[in-house]
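Following: one structure in structure tokens, then a few remarks.
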Amino acid sequence: MSQTTQAALSPYRALDLTSEIGSLSTMLLAGLGVDVIRVEPPGGHPSRKRGPMLREDQDSSLYWAQMNAGKRSVTLDLADEADRERLRTLSETADFLFESDAPGAMAARGIGHRDLRERAPQLIYVSITPFGQTGPKSMWAASDLIGHVSGGLSSLVGDPDRAPLRPSVEQAYNITALNAGSAALIALHARHLTGRGQHVDVSMQAAMANTLGNARLYYEMDGIVTERAGGARAFADRATRIIYSCADGYVAFVRIPASMKALHRWMTAEGAHPRFDAEKWAGISIAGNNLPSDDEVAELESEIEEFFAARGAQSLYESGQHHGVMICPVNTMQDIVDSPQLAARGFFDKVVDPELGSLTVPGAPLKMSATPWRTRPAPTLTQHQNEILTAAATDIRDGD
């Protein structure tokens, strides 16, 4: 079978009018081959000014460079009718439009979904907002932090004796963006069946509420409110420790029944002389009615702590794999950058950014055998202005 270098979604085009809440969705689509056109206001998108900056003497946002990799750029003033008409013309050539304004804001400018579907019936119009297009909070503004707390995730993050925490980096924005990108492609499949696009309404609160696992079910079924468990895994009103210190950092180890005999054999093989009863612990579940006492758990964990503390994370990882024990280092950013596994898969790519020079950037989170990922730098302001607007007008004339 012959190979092709054409990207998987190269026939398609997306207009990106989102804030940070939607940047990841269109960045991933660009890597898959979609021609993503970042529509910026005069002076540039606000995230061009967002740190960290590579240099202090000029605009050199590393955030912009990563989250807008592979996109093209055009500047339009949506307060001006002539530029709104240019957007309408662009929409006739596009398959997707992503926006994150408050509900009704785009329609007030005459560029909402209903406005554009008359001229662009093929368009899949994706609206990403904190609480969705309808409901009593639909007009409320929100940040990534509010996404975590309104969706319930923060109630499960942190130590039980302290206030809830927000996970580091913008996971609410990113999870919402992944939902938006997936929904857009599902709508594309529906368009293949119907011939028409549709409006996709994405709620950050709902996206985050879908990440809560069985914590929600514990409340719905048993009335149990799952609480924060720090470096442990909460199961209803109980918690099983996961994070342990080791000689050079931390490892994650889940004390499940199936692992206890293997852990005992591993510790014995390395001369640790474990005192716990492997047969007994293999029959004790981590949730439900058959649970150990607090004293029994403390005695077991003191043995595990001692064993892990004397060894390095990578050594524990490799030995654990050999003995069939589910354990893994808690990787730092240095570990990620230096990861031989990610290097072997070619995860990091080199690009030459016209403003920042040579950069190493995250690449494909997936591998496609016949339609490879496409890595390109983020656009400079108005870099593609003339080619985009001229081509759109030409496409429309040719279509007529």
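We name chains A, B, ... following the order of the structure tokens; residues begin at 1 in each chain, and ligands are numbered from 1 as shown.
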
List every residue of region 94-149 of chain A that has an atom at most 10 Å from any atom of region 73-80 of chain A, giving for each one its closest atom pair and the distance in Å to one decimal, counting only C-alpha atoms, sorted by chain and then by ascending residue number, as a tab-separated table.
```
residue	atom	partner	partner_atom	distance
A:Met106	CA	A:Leu78	CA	9.2
A:Arg109	CA	A:Leu78	CA	7.6
A:Gly110	CA	A:Leu78	CA	9.9
A:Ile111	CA	A:Leu78	CA	9.2
```

List the neighbours of Ala313 (chain A) out to 9 Å using only C-alpha atoms; skip same-chain residues closer than 6 positions along the sequence, and give me the result as an MDAnalysis selection string. chainID A and resid 245:251 328:330

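By only C-alpha atoms, and with residues fewer than 5 positions from region 116-120 of chain A along its chain excluded, the set lying at most 9 Å from it is Arg88, Thr89, Ser91, Glu92, Thr93, Ala94, Asp95, Gly110, Ile111, Tyr125, Gly197 and Gln198 of chain A.
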
Give me a file of those residues, with all heavy atoms, as an mmCIF file, in the first residue's frame.
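Result went into out_37.cif, see below:
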```cif
data_model
loop_
_atom_site.group_PDB
_atom_site.id
_atom_site.type_symbol
_atom_site.label_atom_id
_atom_site.label_comp_id
_atom_site.auth_asym_id
_atom_site.auth_seq_id
_atom_site.Cartn_x
_atom_site.Cartn_y
_atom_site.Cartn_z
ATOM 1 N N ARG A 88 -18.316 36.908 6.858
ATOM 2 C CA ARG A 88 -19.400 36.137 6.235
ATOM 3 C C ARG A 88 -18.911 35.462 4.959
ATOM 4 O O ARG A 88 -19.233 34.306 4.669
ATOM 5 C CB ARG A 88 -20.583 37.055 5.936
ATOM 6 C CG ARG A 88 -21.242 37.662 7.172
ATOM 7 C CD ARG A 88 -22.464 38.484 6.808
ATOM 8 N NE ARG A 88 -22.948 39.245 7.947
ATOM 9 C CZ ARG A 88 -22.788 40.553 8.122
ATOM 10 N NH1 ARG A 88 -22.165 41.267 7.195
ATOM 11 N NH2 ARG A 88 -23.247 41.137 9.205
ATOM 12 N N THR A 89 -18.121 36.183 4.189
ATOM 13 C CA THR A 89 -17.563 35.613 2.963
ATOM 14 C C THR A 89 -16.638 34.443 3.289
ATOM 15 O O THR A 89 -16.682 33.390 2.636
ATOM 16 C CB THR A 89 -16.798 36.689 2.176
ATOM 17 O OG1 THR A 89 -17.695 37.746 1.822
ATOM 18 C CG2 THR A 89 -16.188 36.112 0.910
ATOM 19 N N SER A 91 -16.846 32.553 5.846
ATOM 20 C CA SER A 91 -17.647 31.436 6.347
ATOM 21 C C SER A 91 -18.197 30.579 5.211
ATOM 22 O O SER A 91 -18.439 29.379 5.387
ATOM 23 C CB SER A 91 -18.794 31.949 7.214
ATOM 24 O OG SER A 91 -19.811 32.553 6.439
ATOM 25 N N GLU A 92 -18.396 31.162 4.049
ATOM 26 C CA GLU A 92 -18.881 30.395 2.904
ATOM 27 C C GLU A 92 -17.843 29.406 2.401
ATOM 28 O O GLU A 92 -18.186 28.428 1.720
ATOM 29 C CB GLU A 92 -19.287 31.350 1.782
ATOM 30 C CG GLU A 92 -20.462 32.255 2.140
ATOM 31 C CD GLU A 92 -20.855 33.160 0.989
ATOM 32 O OE1 GLU A 92 -21.159 32.634 -0.101
ATOM 33 O OE2 GLU A 92 -20.846 34.395 1.166
ATOM 34 N N THR A 93 -16.566 29.639 2.747
ATOM 35 C CA THR A 93 -15.489 28.742 2.320
ATOM 36 C C THR A 93 -15.048 27.805 3.433
ATOM 37 O O THR A 93 -14.136 27.008 3.234
ATOM 38 C CB THR A 93 -14.269 29.560 1.855
ATOM 39 O OG1 THR A 93 -13.615 30.147 2.999
ATOM 40 C CG2 THR A 93 -14.678 30.664 0.904
ATOM 41 N N ALA A 94 -15.672 27.917 4.614
ATOM 42 C CA ALA A 94 -15.202 27.187 5.795
ATOM 43 C C ALA A 94 -16.120 26.014 6.128
ATOM 44 O O ALA A 94 -17.301 25.991 5.752
ATOM 45 C CB ALA A 94 -15.107 28.129 6.987
ATOM 46 N N ASP A 95 -15.575 25.070 6.854
ATOM 47 C CA ASP A 95 -16.343 23.933 7.356
ATOM 48 C C ASP A 95 -16.721 24.114 8.825
ATOM 49 O O ASP A 95 -17.748 23.608 9.265
ATOM 50 C CB ASP A 95 -15.522 22.649 7.202
ATOM 51 C CG ASP A 95 -15.141 22.405 5.757
ATOM 52 O OD1 ASP A 95 -16.001 21.932 4.997
ATOM 53 O OD2 ASP A 95 -13.992 22.723 5.390
ATOM 54 N N GLY A 110 -24.699 40.295 13.775
ATOM 55 C CA GLY A 110 -25.148 39.763 12.497
ATOM 56 C C GLY A 110 -24.292 38.639 11.978
ATOM 57 O O GLY A 110 -24.307 38.333 10.776
ATOM 58 N N ILE A 111 -23.553 37.967 12.880
ATOM 59 C CA ILE A 111 -22.675 36.866 12.461
ATOM 60 C C ILE A 111 -22.878 35.644 13.370
ATOM 61 O O ILE A 111 -21.962 34.850 13.570
ATOM 62 C CB ILE A 111 -21.189 37.293 12.455
ATOM 63 C CG1 ILE A 111 -20.814 38.005 13.762
ATOM 64 C CG2 ILE A 111 -20.889 38.166 11.253
ATOM 65 C CD1 ILE A 111 -19.351 38.390 13.861
ATOM 66 N N TYR A 125 -20.985 25.385 13.353
ATOM 67 C CA TYR A 125 -20.765 26.583 14.166
ATOM 68 C C TYR A 125 -20.640 26.137 15.628
ATOM 69 O O TYR A 125 -21.605 25.693 16.232
ATOM 70 C CB TYR A 125 -21.948 27.528 13.975
ATOM 71 C CG TYR A 125 -21.770 28.948 14.436
ATOM 72 C CD1 TYR A 125 -21.615 29.977 13.506
ATOM 73 C CD2 TYR A 125 -21.811 29.284 15.779
ATOM 74 C CE1 TYR A 125 -21.493 31.302 13.915
ATOM 75 C CE2 TYR A 125 -21.684 30.601 16.194
ATOM 76 C CZ TYR A 125 -21.524 31.600 15.253
ATOM 77 O OH TYR A 125 -21.409 32.920 15.650
ATOM 78 N N GLY A 197 -24.579 21.742 7.969
ATOM 79 C CA GLY A 197 -23.920 21.925 9.251
ATOM 80 C C GLY A 197 -24.942 22.118 10.360
ATOM 81 O O GLY A 197 -26.151 22.027 10.136
ATOM 82 N N GLN A 198 -24.440 22.394 11.558
ATOM 83 C CA GLN A 198 -25.331 22.615 12.690
ATOM 84 C C GLN A 198 -24.622 23.443 13.741
ATOM 85 O O GLN A 198 -23.418 23.713 13.654
ATOM 86 C CB GLN A 198 -25.798 21.289 13.285
ATOM 87 C CG GLN A 198 -24.667 20.399 13.807
ATOM 88 C CD GLN A 198 -25.186 19.077 14.330
ATOM 89 O OE1 GLN A 198 -25.837 19.027 15.363
ATOM 90 N NE2 GLN A 198 -24.880 17.984 13.603
#
```

Check the DSSP output for the backbone and give back, as a PDB file with C-alpha atoms, in the first residue's frame, the residues of region 120-294 of chain A in strand (DSSP E).
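Written file, part.pdb:
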```pdb
ATOM      1  CA  ILE A 124     -20.489  23.732  11.665  1.00  0.00           C
ATOM      2  CA  TYR A 125     -20.765  26.583  14.166  1.00  0.00           C
ATOM      3  CA  VAL A 126     -19.136  25.720  17.521  1.00  0.00           C
ATOM      4  CA  SER A 127     -19.931  27.973  20.486  1.00  0.00           C
ATOM      5  CA  ILE A 128     -17.779  27.418  23.595  1.00  0.00           C
ATOM      6  CA  THR A 129     -18.992  29.182  26.741  1.00  0.00           C
ATOM      7  CA  HIS A 199     -24.822  24.626  15.872  1.00  0.00           C
ATOM      8  CA  VAL A 200     -22.644  22.890  18.502  1.00  0.00           C
ATOM      9  CA  ASP A 201     -23.206  24.288  22.015  1.00  0.00           C
ATOM     10  CA  VAL A 202     -20.326  23.410  24.400  1.00  0.00           C
ATOM     11  CA  SER A 203     -20.525  24.133  28.152  1.00  0.00           C
ATOM     12  CA  ALA A 232      -4.796   9.322  47.700  1.00  0.00           C
ATOM     13  CA  ARG A 233      -7.631   7.971  45.582  1.00  0.00           C
ATOM     14  CA  ALA A 234     -11.031   8.670  47.099  1.00  0.00           C
ATOM     15  CA  PHE A 235     -13.630   5.926  47.052  1.00  0.00           C
ATOM     16  CA  ARG A 238     -12.800   6.125  52.115  1.00  0.00           C
ATOM     17  CA  ALA A 239      -9.454   6.847  50.489  1.00  0.00           C
ATOM     18  CA  THR A 240      -6.555   4.691  49.339  1.00  0.00           C
ATOM     19  CA  ARG A 241      -3.142   6.286  49.248  1.00  0.00           C
ATOM     20  CA  ILE A 243       1.517   9.002  46.116  1.00  0.00           C
ATOM     21  CA  TYR A 244       4.640   7.908  48.026  1.00  0.00           C
ATOM     22  CA  SER A 245       8.057   9.494  48.485  1.00  0.00           C
ATOM     23  CA  CYS A 246      11.069   7.718  47.055  1.00  0.00           C
ATOM     24  CA  GLY A 249      11.081  12.170  44.044  1.00  0.00           C
ATOM     25  CA  TYR A 250       7.684  10.514  44.137  1.00  0.00           C
ATOM     26  CA  VAL A 251       5.999   7.439  42.739  1.00  0.00           C
ATOM     27  CA  ALA A 252       2.369   6.471  42.299  1.00  0.00           C
ATOM     28  CA  PHE A 253       1.353   3.050  43.592  1.00  0.00           C
TER      29      PHE A 253
END
```

Within 12 Å of Ile336 (chain A), counting only C-alpha atoms, which residues qualify if same-chain residues fewer than 6 places away don't, as a PyMOL selection string? chain A and resi 329-330+342-343+347-348+362

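The gap separating CA of Met208 (chain A) from CA of Leu165 (chain A) is 14.6 Å, in Å to one decimal.
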
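CA of Ala269 (chain A) is positioned 11.5 Å from CA of His322 (chain A).
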
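Straight-line separation from CA of Leu212 (chain A) to CA of Leu153 (chain A): 6.4 Å.
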
Quick one: DSSP helix (DSSP H, G or I) residues in region 290-330 of chain A, as number ranges by chain? A: 294-309, 313-323

Write out, as a PDB file, in the first residue's frame, the residues just selected, with C-alpha atoms.
```
ATOM      1  CA  ASP A 294      -6.948   2.499  60.162  1.00  0.00           C
ATOM      2  CA  ASP A 295      -4.248   0.827  62.267  1.00  0.00           C
ATOM      3  CA  GLU A 296      -3.872  -2.001  59.768  1.00  0.00           C
ATOM      4  CA  VAL A 297      -3.541   0.463  56.905  1.00  0.00           C
ATOM      5  CA  ALA A 298      -0.973   2.547  58.803  1.00  0.00           C
ATOM      6  CA  GLU A 299       1.148  -0.521  59.555  1.00  0.00           C
ATOM      7  CA  LEU A 300       1.089  -1.641  55.914  1.00  0.00           C
ATOM      8  CA  GLU A 301       1.904   1.799  54.575  1.00  0.00           C
ATOM      9  CA  SER A 302       4.874   2.197  56.898  1.00  0.00           C
ATOM     10  CA  GLU A 303       6.395  -0.904  55.278  1.00  0.00           C
ATOM     11  CA  ILE A 304       5.681   0.368  51.771  1.00  0.00           C
ATOM     12  CA  GLU A 305       7.074   3.815  52.621  1.00  0.00           C
ATOM     13  CA  GLU A 306      10.308   2.319  53.914  1.00  0.00           C
ATOM     14  CA  PHE A 307      10.749   0.165  50.816  1.00  0.00           C
ATOM     15  CA  PHE A 308      10.087   2.988  48.354  1.00  0.00           C
ATOM     16  CA  ALA A 309      12.151   5.599  50.256  1.00  0.00           C
ATOM     17  CA  ALA A 313      11.804   6.397  41.006  1.00  0.00           C
ATOM     18  CA  GLN A 314      13.130   4.910  37.784  1.00  0.00           C
ATOM     19  CA  SER A 315      14.515   1.858  39.565  1.00  0.00           C
ATOM     20  CA  LEU A 316      11.142   1.308  41.241  1.00  0.00           C
ATOM     21  CA  TYR A 317       9.386   1.712  37.910  1.00  0.00           C
ATOM     22  CA  GLU A 318      11.533  -0.811  36.094  1.00  0.00           C
ATOM     23  CA  SER A 319      11.561  -3.337  38.942  1.00  0.00           C
ATOM     24  CA  GLY A 320       7.837  -2.931  39.433  1.00  0.00           C
ATOM     25  CA  GLN A 321       7.236  -3.708  35.776  1.00  0.00           C
ATOM     26  CA  HIS A 322       9.396  -6.816  36.086  1.00  0.00           C
ATOM     27  CA  HIS A 323       7.442  -8.037  39.132  1.00  0.00           C
TER      28      HIS A 323
END
```

If we count only C-alpha atoms, what is near region 13-27 of chain A at a cut-off of 8 Å, once residues fewer than 2 positions away on the same chain are taken out, given as JSON, numbers by chain? {"A": [10, 11, 29, 30, 31, 34, 35, 36, 37, 38, 39, 40, 47, 67, 68, 69, 70, 71, 91, 93, 94, 95, 96, 97, 98, 99, 100, 101, 128, 144, 173, 174, 176, 177, 178, 180, 181]}

Using only C-alpha atoms, determine which residues lie at most 10 Å from Leu356 (chain A), disregarding the query and same-chain residues fewer than 4 positions distant; provide the list as a compact mmCIF listing (two decimals) with N, CA and C atoms, in the first residue's frame.
```txt
# COMPACT_ATOMS: atom_id res chain seq x y z
N MET A 53 7.19 34.98 28.29
CA MET A 53 7.80 35.56 27.11
C MET A 53 9.22 35.03 26.94
N LEU A 54 9.59 34.80 25.69
CA LEU A 54 10.95 34.34 25.43
C LEU A 54 11.95 35.47 25.66
N ARG A 55 11.54 36.68 25.29
CA ARG A 55 12.39 37.85 25.48
C ARG A 55 11.53 38.98 26.05
N GLN A 58 10.27 42.42 23.27
CA GLN A 58 9.31 42.39 22.19
C GLN A 58 8.25 41.33 22.47
N ASP A 59 7.23 41.33 21.65
CA ASP A 59 6.21 40.30 21.79
C ASP A 59 6.83 38.95 21.45
N SER A 60 6.87 38.09 22.43
CA SER A 60 7.51 36.78 22.20
C SER A 60 6.84 35.73 23.09
N SER A 61 5.52 35.68 23.00
CA SER A 61 4.75 34.80 23.88
C SER A 61 4.94 33.33 23.50
N LEU A 62 5.43 32.56 24.45
CA LEU A 62 5.54 31.11 24.22
C LEU A 62 4.17 30.45 24.26
N ALA A 65 2.84 30.83 20.83
CA ALA A 65 3.57 29.97 19.90
C ALA A 65 3.07 28.53 19.98
N VAL A 351 10.48 23.59 15.19
CA VAL A 351 9.93 24.53 14.21
C VAL A 351 10.77 25.79 14.23
N VAL A 352 10.74 26.50 13.14
CA VAL A 352 11.41 27.79 13.07
C VAL A 352 10.33 28.86 13.07
N PRO A 377 4.81 26.56 12.67
CA PRO A 377 4.83 27.60 13.71
C PRO A 377 3.53 28.40 13.73
```

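Using only C-alpha atoms for every distance, the candidate list A:Gln383, A:Ser168, A:Asn331, A:Thr375 yields A:Thr375 as the residue closest to Asp349 (chain A).
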